[in-house]
$ cat entry.cif   # mmCIF, C-alpha atoms (C1' of nucleotides)
data_data
#
loop_
_atom_site.label_atom_id
_atom_site.label_comp_id
_atom_site.auth_asym_id
_atom_site.auth_seq_id
_atom_site.Cartn_x
_atom_site.Cartn_y
_atom_site.Cartn_z
CA MET A 1 0.00 0.00 0.00
CA ILE A 2 2.70 2.51 0.96
CA ARG A 3 5.25 2.91 -1.78
CA ASP A 4 7.41 5.67 -0.35
CA ALA A 5 6.70 6.80 3.18
CA ARG A 6 9.13 9.70 2.95
CA VAL A 7 6.87 11.85 0.81
CA LEU A 8 4.13 11.59 3.41
CA ARG A 9 6.31 12.77 6.26
CA ALA A 10 5.76 16.17 7.78
CA GLY A 11 9.15 17.65 6.94
CA PHE A 12 9.41 16.37 3.41
CA VAL A 13 10.54 18.94 0.86
CA PRO A 14 9.25 18.06 -2.60
CA ARG A 15 11.29 18.47 -5.75
CA GLU A 16 8.72 20.81 -7.15
CA VAL A 17 6.58 23.15 -5.11
CA GLU A 18 3.08 23.50 -6.44
CA HIS A 19 1.19 26.78 -6.68
CA ARG A 20 3.89 28.81 -5.00
CA ASP A 21 5.91 30.05 -7.96
CA ALA A 22 5.59 33.72 -7.12
CA GLU A 23 6.60 33.22 -3.50
CA VAL A 24 9.48 30.92 -4.42
CA ASN A 25 10.80 33.42 -6.94
CA HIS A 26 10.42 36.28 -4.53
CA LEU A 27 12.34 34.51 -1.80
CA SER A 28 14.98 33.33 -4.27
CA SER A 29 15.57 36.87 -5.42
CA VAL A 30 16.18 38.00 -1.84
CA LEU A 31 18.88 35.37 -1.47
CA GLU A 32 20.23 36.04 -4.94
CA PRO A 33 23.22 38.16 -3.78
CA ILE A 34 24.64 35.10 -2.07
CA THR A 35 25.30 33.50 -5.42
CA ASN A 36 27.81 36.32 -5.96
CA GLY A 37 29.25 35.98 -2.50
CA GLU A 38 27.54 39.12 -1.27
CA PRO A 39 25.46 39.54 1.88
CA ALA A 40 21.72 39.09 1.49
CA ASP A 41 18.85 40.93 3.11
CA THR A 42 16.68 39.48 5.83
CA ALA A 43 13.51 37.90 4.53
CA ILE A 44 10.27 37.61 6.43
CA VAL A 45 7.83 34.90 5.46
CA THR A 46 4.36 35.10 6.95
CA GLY A 47 1.14 33.18 6.51
CA PRO A 48 -1.27 30.87 8.34
CA SER A 49 -0.16 27.41 9.39
CA GLY A 50 0.10 24.88 6.62
CA ALA A 51 0.47 27.55 3.94
CA GLY A 52 3.87 26.23 2.96
CA LYS A 53 6.16 28.74 4.69
CA THR A 54 8.63 26.20 5.98
CA CYS A 55 8.38 24.18 2.82
CA ILE A 56 9.27 26.96 0.39
CA SER A 57 12.02 28.27 2.68
CA GLN A 58 13.71 24.91 2.72
CA PHE A 59 13.03 24.40 -0.94
CA VAL A 60 14.63 27.70 -1.87
CA THR A 61 17.68 27.18 0.33
CA GLU A 62 18.20 23.68 -1.00
CA ARG A 63 18.06 24.96 -4.53
CA LEU A 64 20.55 27.63 -3.56
CA ARG A 65 22.90 24.96 -2.30
CA GLU A 66 22.63 23.19 -5.62
CA GLU A 67 23.62 26.36 -7.42
CA VAL A 68 26.32 27.65 -5.13
CA LEU A 69 29.14 25.62 -3.71
CA ASN A 70 30.09 27.80 -0.85
CA VAL A 71 26.93 28.19 1.17
CA GLU A 72 25.55 26.59 4.31
CA THR A 73 21.99 26.51 5.53
CA THR A 74 20.66 25.86 8.96
CA TYR A 75 17.15 25.45 10.21
CA VAL A 76 16.02 26.29 13.73
CA ASN A 77 12.56 25.69 15.05
CA CYS A 78 12.16 28.47 17.59
CA TRP A 79 9.13 26.84 19.09
CA ARG A 80 11.26 23.97 20.30
CA ASN A 81 14.33 26.14 20.88
CA TYR A 82 12.58 29.07 22.44
CA THR A 83 15.41 30.45 24.55
CA ARG A 84 18.17 32.60 23.25
CA PHE A 85 20.72 30.00 24.24
CA ARG A 86 19.06 27.06 22.55
CA THR A 87 18.59 28.94 19.31
CA LEU A 88 22.18 30.13 19.20
CA TYR A 89 23.39 26.71 20.21
CA GLN A 90 21.38 25.07 17.46
CA ILE A 91 22.91 27.33 14.85
CA LEU A 92 26.45 26.83 16.10
CA ASP A 93 25.84 23.13 16.31
CA ASP A 94 24.87 23.01 12.66
CA LEU A 95 28.03 24.94 11.86
CA GLY A 96 30.01 22.39 13.84
CA ALA A 97 31.28 24.98 16.31
CA THR A 98 29.87 23.67 19.56
CA ILE A 99 32.59 21.31 20.73
CA ASP A 100 33.53 23.26 23.79
CA ILE A 101 30.26 24.97 24.59
CA HIS A 102 28.53 23.97 27.75
CA ARG A 103 25.04 24.68 28.76
CA GLN A 104 25.48 26.75 31.89
CA SER A 105 28.93 28.12 32.12
CA THR A 106 29.26 29.62 28.69
CA PRO A 107 27.85 33.14 28.61
CA HIS A 108 25.41 33.92 25.85
CA ASP A 109 27.46 36.78 24.58
CA GLU A 110 30.22 34.38 23.84
CA LEU A 111 27.91 32.41 21.58
CA VAL A 112 27.26 35.56 19.60
CA ASP A 113 30.99 36.25 19.49
CA ARG A 114 31.49 32.76 18.23
CA LEU A 115 29.02 33.37 15.44
CA GLN A 116 30.70 36.63 14.61
CA GLN A 117 34.06 34.95 14.31
CA HIS A 118 32.64 32.24 12.15
CA ASP A 119 34.46 32.69 8.87
CA GLY A 120 33.08 29.70 7.05
CA PRO A 121 30.86 30.03 4.00
CA ARG A 122 27.87 32.32 3.99
CA THR A 123 25.03 30.78 5.89
CA VAL A 124 21.30 31.04 5.48
CA VAL A 125 19.57 30.73 8.84
CA ILE A 126 15.93 29.75 8.76
CA LEU A 127 14.23 30.80 11.99
CA ASP A 128 10.93 28.97 11.97
CA GLU A 129 8.07 30.06 14.24
CA VAL A 130 10.16 33.03 15.20
CA ASP A 131 7.24 34.67 17.00
CA GLN A 132 7.56 31.96 19.63
CA LEU A 133 10.94 33.19 20.75
CA GLU A 134 11.02 34.30 24.34
CA ASP A 135 13.64 36.88 23.59
CA PRO A 136 13.57 37.98 19.96
CA SER A 137 16.74 40.02 20.35
CA ILE A 138 18.60 37.16 18.75
CA ILE A 139 17.19 38.34 15.43
CA TYR A 140 19.02 41.56 16.05
CA ASP A 141 22.25 39.75 16.84
CA LEU A 142 22.10 37.77 13.63
CA HIS A 143 20.89 40.71 11.61
CA SER A 144 24.07 42.59 12.31
CA LEU A 145 26.30 39.78 11.10
CA PRO A 146 26.78 40.08 7.34
CA GLN A 147 27.82 36.48 6.79
CA PHE A 148 24.38 35.30 7.85
CA ALA A 149 21.24 35.68 5.81
CA ILE A 150 18.09 35.23 7.84
CA ILE A 151 14.70 33.94 6.87
CA CYS A 152 12.18 34.67 9.60
CA ILE A 153 9.04 32.57 9.49
CA ALA A 154 6.02 33.66 11.49
CA ASN A 155 2.27 33.36 11.44
CA LYS A 156 1.46 37.03 11.62
CA GLU A 157 3.73 39.91 11.01
CA GLU A 158 2.09 42.04 13.75
CA GLU A 159 2.77 39.39 16.36
CA LEU A 160 6.39 39.36 15.36
CA PHE A 161 6.75 43.14 15.33
CA SER A 162 4.93 43.66 18.60
CA ARG A 163 7.54 41.62 20.42
CA VAL A 164 10.76 43.14 19.14
CA ASP A 165 12.11 46.54 20.06
CA ASP A 166 11.81 49.62 17.92
CA ARG A 167 15.16 49.74 16.23
CA LEU A 168 14.70 46.17 15.07
CA VAL A 169 11.16 46.85 13.88
CA SER A 170 12.35 49.63 11.63
CA ARG A 171 15.03 47.41 10.19
CA LEU A 172 12.66 44.52 9.66
CA ARG A 173 10.08 46.71 8.02
CA SER A 174 12.51 47.48 5.29
CA SER A 175 13.38 43.83 4.70
CA GLU A 176 11.72 41.77 2.04
CA HIS A 177 8.40 40.35 3.01
CA VAL A 178 6.92 37.24 1.47
CA ARG A 179 3.25 36.88 2.34
CA MET A 180 1.49 33.60 1.86
CA ASP A 181 -2.21 32.81 1.95
CA LYS A 182 -4.06 29.64 2.70
CA TYR A 183 -4.23 27.18 -0.14
CA HIS A 184 -7.50 26.84 -1.98
CA ASP A 185 -9.15 23.44 -1.96
CA GLU A 186 -8.16 22.87 -5.59
CA GLN A 187 -4.52 23.59 -4.82
CA LEU A 188 -4.59 21.34 -1.78
CA TYR A 189 -6.02 18.62 -3.93
CA ASP A 190 -3.13 18.99 -6.37
CA ILE A 191 -0.58 18.79 -3.57
CA LEU A 192 -2.28 15.78 -2.05
CA SER A 193 -2.68 13.86 -5.24
CA ALA A 194 0.98 14.41 -6.07
CA ARG A 195 1.96 13.00 -2.68
CA ALA A 196 -0.49 10.14 -3.04
CA LYS A 197 0.89 9.35 -6.47
CA TRP A 198 4.48 9.10 -5.22
CA GLY A 199 3.80 7.79 -1.77
CA LEU A 200 1.04 5.25 -2.26
CA ASP A 201 0.30 2.39 -4.57
CA GLU A 202 -2.27 2.96 -7.26
CA ASP A 203 -5.97 2.97 -6.43
CA VAL A 204 -5.39 3.09 -2.71
CA ILE A 205 -7.37 6.28 -2.39
CA THR A 206 -10.00 7.82 -4.64
CA ASP A 207 -10.05 11.34 -6.05
CA ASP A 208 -13.24 11.94 -4.18
CA GLN A 209 -11.56 11.05 -0.90
CA LEU A 210 -8.66 13.35 -1.68
CA TYR A 211 -11.09 16.18 -2.30
CA ARG A 212 -12.76 15.54 1.01
CA ILE A 213 -9.44 15.66 2.83
CA ALA A 214 -8.61 18.93 1.11
CA ASP A 215 -12.01 20.29 2.01
CA ALA A 216 -11.75 19.29 5.65
CA ALA A 217 -8.36 20.85 6.22
CA ALA A 218 -9.45 24.44 5.62
CA GLY A 219 -6.40 25.44 3.59
CA ASP A 220 -3.81 23.77 5.79
CA ALA A 221 -1.46 21.65 3.68
CA ARG A 222 0.35 20.17 6.65
CA LEU A 223 -2.94 18.96 8.05
CA THR A 224 -4.04 17.37 4.77
CA ILE A 225 -0.78 15.48 4.48
CA GLY A 226 -1.06 14.48 8.12
CA ILE A 227 -4.51 13.07 7.49
CA LEU A 228 -3.31 11.19 4.43
CA ARG A 229 -0.34 9.80 6.31
CA THR A 230 -2.41 8.71 9.28
CA ALA A 231 -5.03 7.10 7.07
CA ALA A 232 -2.48 5.25 4.96
CA GLY A 233 -0.64 4.03 8.04
CA LYS A 234 -3.78 2.73 9.62
CA ALA A 235 -5.03 1.04 6.45
CA ASP A 236 -1.62 -0.56 6.09
CA ARG A 237 -1.56 -1.88 9.64
CA GLU A 238 -5.03 -3.30 9.32
CA ASN A 239 -4.19 -4.95 6.00
CA HIS A 240 -6.76 -3.12 3.95
CA GLU A 241 -6.13 -2.88 0.26
CA ARG A 242 -7.42 0.61 0.11
CA ILE A 243 -8.28 3.47 2.39
CA THR A 244 -11.89 3.17 3.49
CA ASP A 245 -14.14 6.08 4.37
CA ASP A 246 -14.21 5.00 8.01
CA ILE A 247 -10.43 5.07 8.23
CA LEU A 248 -10.38 8.48 6.65
CA LEU A 249 -12.87 9.80 9.16
CA ASP A 250 -10.78 8.57 12.09
CA ALA A 251 -7.58 9.85 10.54
CA ALA A 252 -8.97 13.35 10.24
CA GLU A 253 -9.74 13.44 13.93
CA ASP A 254 -6.44 11.83 14.90
CA ALA A 255 -4.41 14.26 12.86
CA ARG A 256 -6.07 17.23 14.53
CA ALA A 257 -5.71 15.68 17.95
CA GLN A 258 -2.03 15.05 17.37
CA ILE A 259 -1.32 18.66 16.52
CA LYS A 260 -3.05 19.77 19.68
CA GLN A 261 -1.37 17.10 21.78
CA LYS A 262 1.99 18.33 20.63
CA SER A 263 1.31 21.70 22.22
CA LEU A 264 -0.32 20.21 25.30
CA ASP A 265 2.69 18.00 25.98
CA SER A 266 4.92 21.02 26.27
CA LEU A 267 2.98 22.39 29.23
CA THR A 268 4.21 22.00 32.79
CA PRO A 269 1.86 20.31 35.31
CA HIS A 270 0.85 23.71 36.69
CA GLN A 271 0.15 25.06 33.25
CA ARG A 272 -1.85 21.96 32.52
CA VAL A 273 -4.08 22.55 35.56
CA VAL A 274 -4.73 26.08 34.31
CA TYR A 275 -5.56 24.76 30.87
CA ASP A 276 -7.98 22.20 32.30
CA ILE A 277 -9.73 24.85 34.36
CA VAL A 278 -10.30 26.96 31.28
CA ARG A 279 -11.49 23.90 29.40
CA GLU A 280 -14.04 23.02 32.07
CA HIS A 281 -15.20 26.46 33.11
CA GLY A 282 -14.39 28.79 30.25
CA PRO A 283 -14.92 31.44 29.23
CA VAL A 284 -13.52 32.59 32.52
CA GLY A 285 -11.56 35.55 33.89
CA PRO A 286 -8.07 35.46 35.38
CA SER A 287 -9.21 35.89 39.00
CA GLU A 288 -11.52 32.94 38.91
CA ILE A 289 -8.87 30.90 37.13
CA HIS A 290 -6.37 31.64 39.86
CA GLU A 291 -8.91 30.90 42.59
CA ARG A 292 -9.79 27.52 41.20
CA TYR A 293 -6.20 26.77 40.40
CA SER A 294 -5.12 27.53 43.97
CA GLU A 295 -7.65 25.01 45.24
CA ASP A 296 -6.56 22.32 42.82
CA VAL A 297 -2.87 22.44 43.45
CA ASP A 298 -0.38 22.28 46.31
CA ASP A 299 1.97 25.20 46.48
CA PRO A 300 0.23 27.43 43.93
CA ARG A 301 2.08 30.01 41.84
CA THR A 302 1.21 33.68 42.03
CA LYS A 303 -1.29 35.50 39.88
CA ARG A 304 1.47 37.13 37.95
CA THR A 305 2.89 33.77 36.97
CA ILE A 306 -0.54 32.52 35.96
CA ARG A 307 -0.86 35.51 33.68
CA THR A 308 2.41 34.54 32.07
CA TYR A 309 1.10 31.01 31.61
CA LEU A 310 -2.11 32.30 30.07
CA SER A 311 -0.37 34.49 27.57
CA LYS A 312 1.98 31.66 26.71
CA MET A 313 -0.91 29.33 26.03
CA GLU A 314 -2.52 32.04 23.96
CA GLN A 315 0.65 32.17 21.88
CA TYR A 316 0.55 28.43 21.45
CA ASN A 317 -2.95 28.77 20.14
CA LEU A 318 -4.34 26.63 22.95
CA LEU A 319 -6.40 29.42 24.47
CA GLU A 320 -7.96 32.56 23.19
CA ALA A 321 -8.61 35.75 25.10
CA GLU A 322 -11.47 38.16 24.75
CA GLY A 323 -11.45 41.69 26.14
CA THR A 324 -8.53 43.89 27.07
CA SER A 325 -9.13 44.90 30.65
CA ARG A 326 -11.50 43.88 33.41
CA ASP A 327 -13.70 42.19 30.86
CA ARG A 328 -10.89 39.81 29.93
CA GLU A 329 -11.97 36.19 29.62
CA TYR A 330 -10.17 33.11 28.42
CA SER A 331 -11.61 30.16 26.57
CA LEU A 332 -10.37 27.20 24.58
CA VAL A 333 -9.75 27.72 20.92
CA ASP A 334 -12.32 25.86 18.95
CA SER A 335 -10.16 23.39 17.07
CA ALA A 336 -13.19 21.76 15.49
CA ALA A 337 -13.98 25.05 13.77
CA ALA A 338 -12.44 23.74 10.57
CA SER A 339 -15.18 21.83 8.88
CA PRO A 340 -15.29 18.20 9.99
CA MET A 341 -15.05 15.57 7.31
CA GLN A 342 -18.35 14.44 5.88
"C1'" DA B 343 -16.24 63.47 35.92
"C1'" DG B 344 -13.88 61.10 39.25
"C1'" DT B 345 -12.58 57.06 41.67
"C1'" DC B 346 -11.75 52.32 42.02
"C1'" DC B 347 -10.02 48.08 40.77
"C1'" DA B 348 -8.81 44.06 37.83
"C1'" DC B 349 -5.88 43.31 34.36
"C1'" DA B 350 -1.51 43.17 31.17
"C1'" DG B 351 3.02 42.98 30.97
"C1'" DG B 352 7.89 45.16 31.90
"C1'" DA B 353 11.80 45.31 35.19
"C1'" DA B 354 14.41 44.05 38.93
"C1'" DC B 355 15.41 40.59 41.88
"C1'" DC B 356 16.00 35.85 44.08
"C1'" DG B 357 16.94 30.86 44.78
"C1'" DT B 358 18.30 26.94 42.54
"C1'" DA B 359 20.68 23.82 39.43
"C1'" DG B 360 24.31 22.45 36.79
"C1'" DG B 361 28.60 22.86 34.87
"C1'" DG B 362 33.79 24.48 35.00
"C1'" DA B 363 37.89 25.78 37.52
"C1'" DT B 364 40.78 25.20 41.41
"C1'" DA C 365 35.32 19.23 48.01
"C1'" DT C 366 34.68 23.84 47.17
"C1'" DC C 367 33.89 28.03 44.87
"C1'" DC C 368 32.31 30.64 41.00
"C1'" DC C 369 29.34 31.58 36.86
"C1'" DT C 370 25.33 31.67 34.49
"C1'" DA C 371 20.59 30.34 32.87
"C1'" DC C 372 16.06 29.77 34.25
"C1'" DG C 373 11.67 29.79 36.54
"C1'" DG C 374 9.50 32.18 39.70
"C1'" DT C 375 8.24 36.34 42.64
"C1'" DT C 376 7.78 41.18 43.86
"C1'" DC C 377 7.07 45.62 42.47
"C1'" DC C 378 5.57 48.64 39.28
"C1'" DT C 379 3.10 51.42 35.53
"C1'" DG C 380 -0.48 52.05 32.25
"C1'" DT C 381 -5.18 50.94 30.62
"C1'" DG C 382 -9.94 50.80 30.56
"C1'" DG C 383 -14.43 48.99 32.34
"C1'" DA C 384 -17.68 49.74 36.30
"C1'" DC C 385 -19.57 52.14 39.77
"C1'" DT C 386 -20.67 56.37 42.24
#
$ encode --input "entry.cif" --output "structure tokens"
Amino acid sequence: MIRDARVLRAGFVPREVEHRDAEVNHLSSVLEPITNGEPADTAIVTGPSGAGKTCISQFVTERLREEVLNVETTYVNCWRNYTRFRTLYQILDDLGATIDIHRQSTPHDELVDRLQQHDGPRTVVILDEVDQLEDPSIIYDLHSLPQFAIICIANKEEELFSRVDDRLVSRLRSSEHVRMDKYHDEQLYDILSARAKWGLDEDVITDDQLYRIADAAAGDARLTIGILRTAAGKADRENHERITDDILLDAAEDARAQIKQKSLDSLTPHQRVVYDIVREHGPVGPSEIHERYSEDVDDPRTKRTIRTYLSKMEQYNLLEAEGTSRDREYSLVDSAAASPMQ
DNA sequence: AGTCCACAGGAACCGTAGGGAT
DNA sequence: ATCCCTACGGTTCCTGTGGACT
């Protein structure tokens, strides 16, 4: 049933990117100076999740590596490496310059110095989910180093700008900005059927089923491929010859649940209690949250800390907040808002 | 209009943990 | 074994904002 599992994986970068020619060309042109050994501008790539931001960034840098001998690329997921240290470490690690760096006793400034002294080939740094950085000043550090070209990937440009300081905002505003929209259902179908063609045996899934996946995912390519992967895996395990409608239905729910679980797993036990309170009692204000939380838990944290938790969970798209002041209330984000599969 | 109060979020500070140096 | 550094999570303190109530 599964011919090539690689093309169904989340991080797979296809040989051809569909329906993103303009964006690919735009981003390529920003990096163009590198082909002449000159420094390139910072690029900002924004768009909703599953719009192909990560995909085209990696596609473009890989193509650049094919064209130019003397260029490195490194990819950092800032959601997983949300501290300044981890991000810097990740970059240095990819450059092979971490041998004698130790977690605690090496000051952060030295990591930046280390980057500055790096006289290897020009390097394209992809900072994915850059709006999740705790301390975005690292963008500034990298920005000032001419041997590094940066691609910043974020959901919304405002959320990125609101978190960095003014001098960086003005610099970023003048950098090239690649905006991406959700895919249309037709485009999603094309992407899916290409993956199905390479990844699955023939006649494992019908066109009609592919359309339904595309329709259910509300423009999110990553989600569609996740659904396809989950469905194919399940059909394979259960020795079906083809993907049945029942399997597809389950897969759609599983794929959504997995995405959410990934965020949920990153919460501390205290944060989890707060999340559960909002889930059970929301929409609910911060005072009530803290009250209930204090009852549920030994050794409760302060209100201030709970506020930090709440805004963190808002960033992770686990919670949403309504109101700006005393009317502030938190509730769960409605993850079933995307149309369920028929 | 004026006061009050819950809220957001920045800044300074603190205790702890983990690693290096001696 | 001991001391020293630093990151990190948390707290305390603070300012600014804007509903709600008088």
$ resolve_selection --input "entry.cif" --expression "the PyMOL selection byres ((chain B and resi 355) around 8)" --output "JSON, numbers by chain"
{"B": [354, 356], "C": [376]}
$ atom_distance --input "entry.cif" --atom1 "atom C1' of DC368 of chain C" --atom2 "atom CA of Gln116 of chain A"
27.1 Å
$ closest_residue --input "entry.cif" --among "A:Asp327, A:Glu32, A:Glu176, A:Asp93" --to "chain C" --atoms "only C-alpha atoms (C1' of nucleotides)"
A:Asp327
$ residues_around --input "entry.cif" --residues "Leu115 of chain A" --least-positions-apart "3" --cutoff "9 Å" --atoms "all atoms listed in the file" --output "ChimeraX atom specification"
/A:88,91-92,97,110-112,118-119,142,145
$ resolve_selection --input "entry.cif" --expression "the PyMOL selection byres ((chain C) within 8 of (chain A))" --output "list in words"
DC369, DT370, DA371, DG374, DT375, DT381, DG382 and DG383 of chain C
$ resolve_selection --input "entry.cif" --expression "the PyMOL selection byres ((chain A and resi 271-283) around 7)" --output "list in words"
Leu267, Thr268, Pro269, His270, Val284, Ile289, Tyr293, Tyr309, Glu329, Tyr330, Ser331 and Leu332 of chain A
$ residues_around --input "entry.cif" --residues "segment 128-136 of chain A" --least-positions-apart "5" --cutoff "10 Å" --atoms "only C-alpha atoms (C1' of nucleotides)" --output "ChimeraX atom specification"
/A:44-46,49,53-54,57,75-85,87,141,151-165,168,312,315-316
$ atom_distance --input "entry.cif" --atom1 "atom CA of Asp299 of chain A" --atom2 "atom CA of Ser311 of chain A"
21.2 Å
$ axis_aligned_box --input "entry.cif" --around "segment 150-154 of chain A" --padding-each-side "4 Å" --output "JSON"
{"center_x": 12.1, "center_y": 33.9, "center_z": 9.2, "size_x": 20.1, "size_y": 10.7, "size_z": 12.6}
$ residues_around --input "entry.cif" --residues "segment 231-240 of chain A" --least-positions-apart "2" --cutoff "12 Å" --atoms "only C-alpha atoms (C1' of nucleotides)" --output "JSON list (two decimals) with C-alpha atoms, keeping the file's coordinate frame"
[["chain", "number", "residue", "atom", "x", "y", "z"],
["A", 1, "MET", "CA", 0.00, 0.00, 0.00],
["A", 2, "ILE", "CA", 2.70, 2.51, 0.96],
["A", 3, "ARG", "CA", 5.25, 2.91, -1.78],
["A", 4, "ASP", "CA", 7.41, 5.67, -0.35],
["A", 5, "ALA", "CA", 6.70, 6.80, 3.18],
["A", 8, "LEU", "CA", 4.13, 11.59, 3.41],
["A", 9, "ARG", "CA", 6.31, 12.77, 6.26],
["A", 195, "ARG", "CA", 1.96, 13.00, -2.68],
["A", 196, "ALA", "CA", -0.49, 10.14, -3.04],
["A", 199, "GLY", "CA", 3.80, 7.79, -1.77],
["A", 200, "LEU", "CA", 1.04, 5.25, -2.26],
["A", 201, "ASP", "CA", 0.30, 2.39, -4.57],
["A", 204, "VAL", "CA", -5.39, 3.09, -2.71],
["A", 205, "ILE", "CA", -7.37, 6.28, -2.39],
["A", 209, "GLN", "CA", -11.56, 11.05, -0.90],
["A", 210, "LEU", "CA", -8.66, 13.35, -1.68],
["A", 213, "ILE", "CA", -9.44, 15.66, 2.83],
["A", 224, "THR", "CA", -4.04, 17.37, 4.77],
["A", 225, "ILE", "CA", -0.78, 15.48, 4.48],
["A", 226, "GLY", "CA", -1.06, 14.48, 8.12],
["A", 227, "ILE", "CA", -4.51, 13.07, 7.49],
["A", 228, "LEU", "CA", -3.31, 11.19, 4.43],
["A", 229, "ARG", "CA", -0.34, 9.80, 6.31],
["A", 242, "ARG", "CA", -7.42, 0.61, 0.11],
["A", 243, "ILE", "CA", -8.28, 3.47, 2.39],
["A", 244, "THR", "CA", -11.89, 3.17, 3.49],
["A", 245, "ASP", "CA", -14.14, 6.08, 4.37],
["A", 246, "ASP", "CA", -14.21, 5.00, 8.01],
["A", 247, "ILE", "CA", -10.43, 5.07, 8.23],
["A", 248, "LEU", "CA", -10.38, 8.48, 6.65],
["A", 249, "LEU", "CA", -12.87, 9.80, 9.16],
["A", 250, "ASP", "CA", -10.78, 8.57, 12.09],
["A", 251, "ALA", "CA", -7.58, 9.85, 10.54],
["A", 252, "ALA", "CA", -8.97, 13.35, 10.24],
["A", 253, "GLU", "CA", -9.74, 13.44, 13.93],
["A", 254, "ASP", "CA", -6.44, 11.83, 14.90],
["A", 255, "ALA", "CA", -4.41, 14.26, 12.86]]
$ closest_atom_pairs --input "entry.cif" --of "chain B" --to "chain A" --cutoff "8 Å" --atoms "only C-alpha atoms (C1' of nucleotides)" --output "CSV"
residue,atom,partner,partner_atom,distance
B:DA348,C1',A:Arg326,CA,5.2
B:DC349,C1',A:Ser325,CA,5.2
B:DA350,C1',A:Ser325,CA,7.8
B:DG360,C1',A:Gln104,CA,6.6
B:DG361,C1',A:Gln104,CA,5.8
B:DG362,C1',A:Ser105,CA,6.7
$ atom_distance --input "entry.cif" --atom1 "atom CA of Pro300 of chain A" --atom2 "atom C1' of DG373 of chain C"
13.8 Å
$ residues_near_point --input "entry.cif" --point "(-13.0, 60.4, 41.4)" --cutoff "12 Å" --atoms "only C-alpha atoms (C1' of nucleotides)" --output "ChimeraX atom specification"
/B:343-346 /C:385-386
$ closest_residue --input "entry.cif" --among "A:Thr74, A:Thr42, A:Gln187, A:Thr35" --to "Ser144 of chain A" --atoms "all atoms listed in the file"
A:Thr42
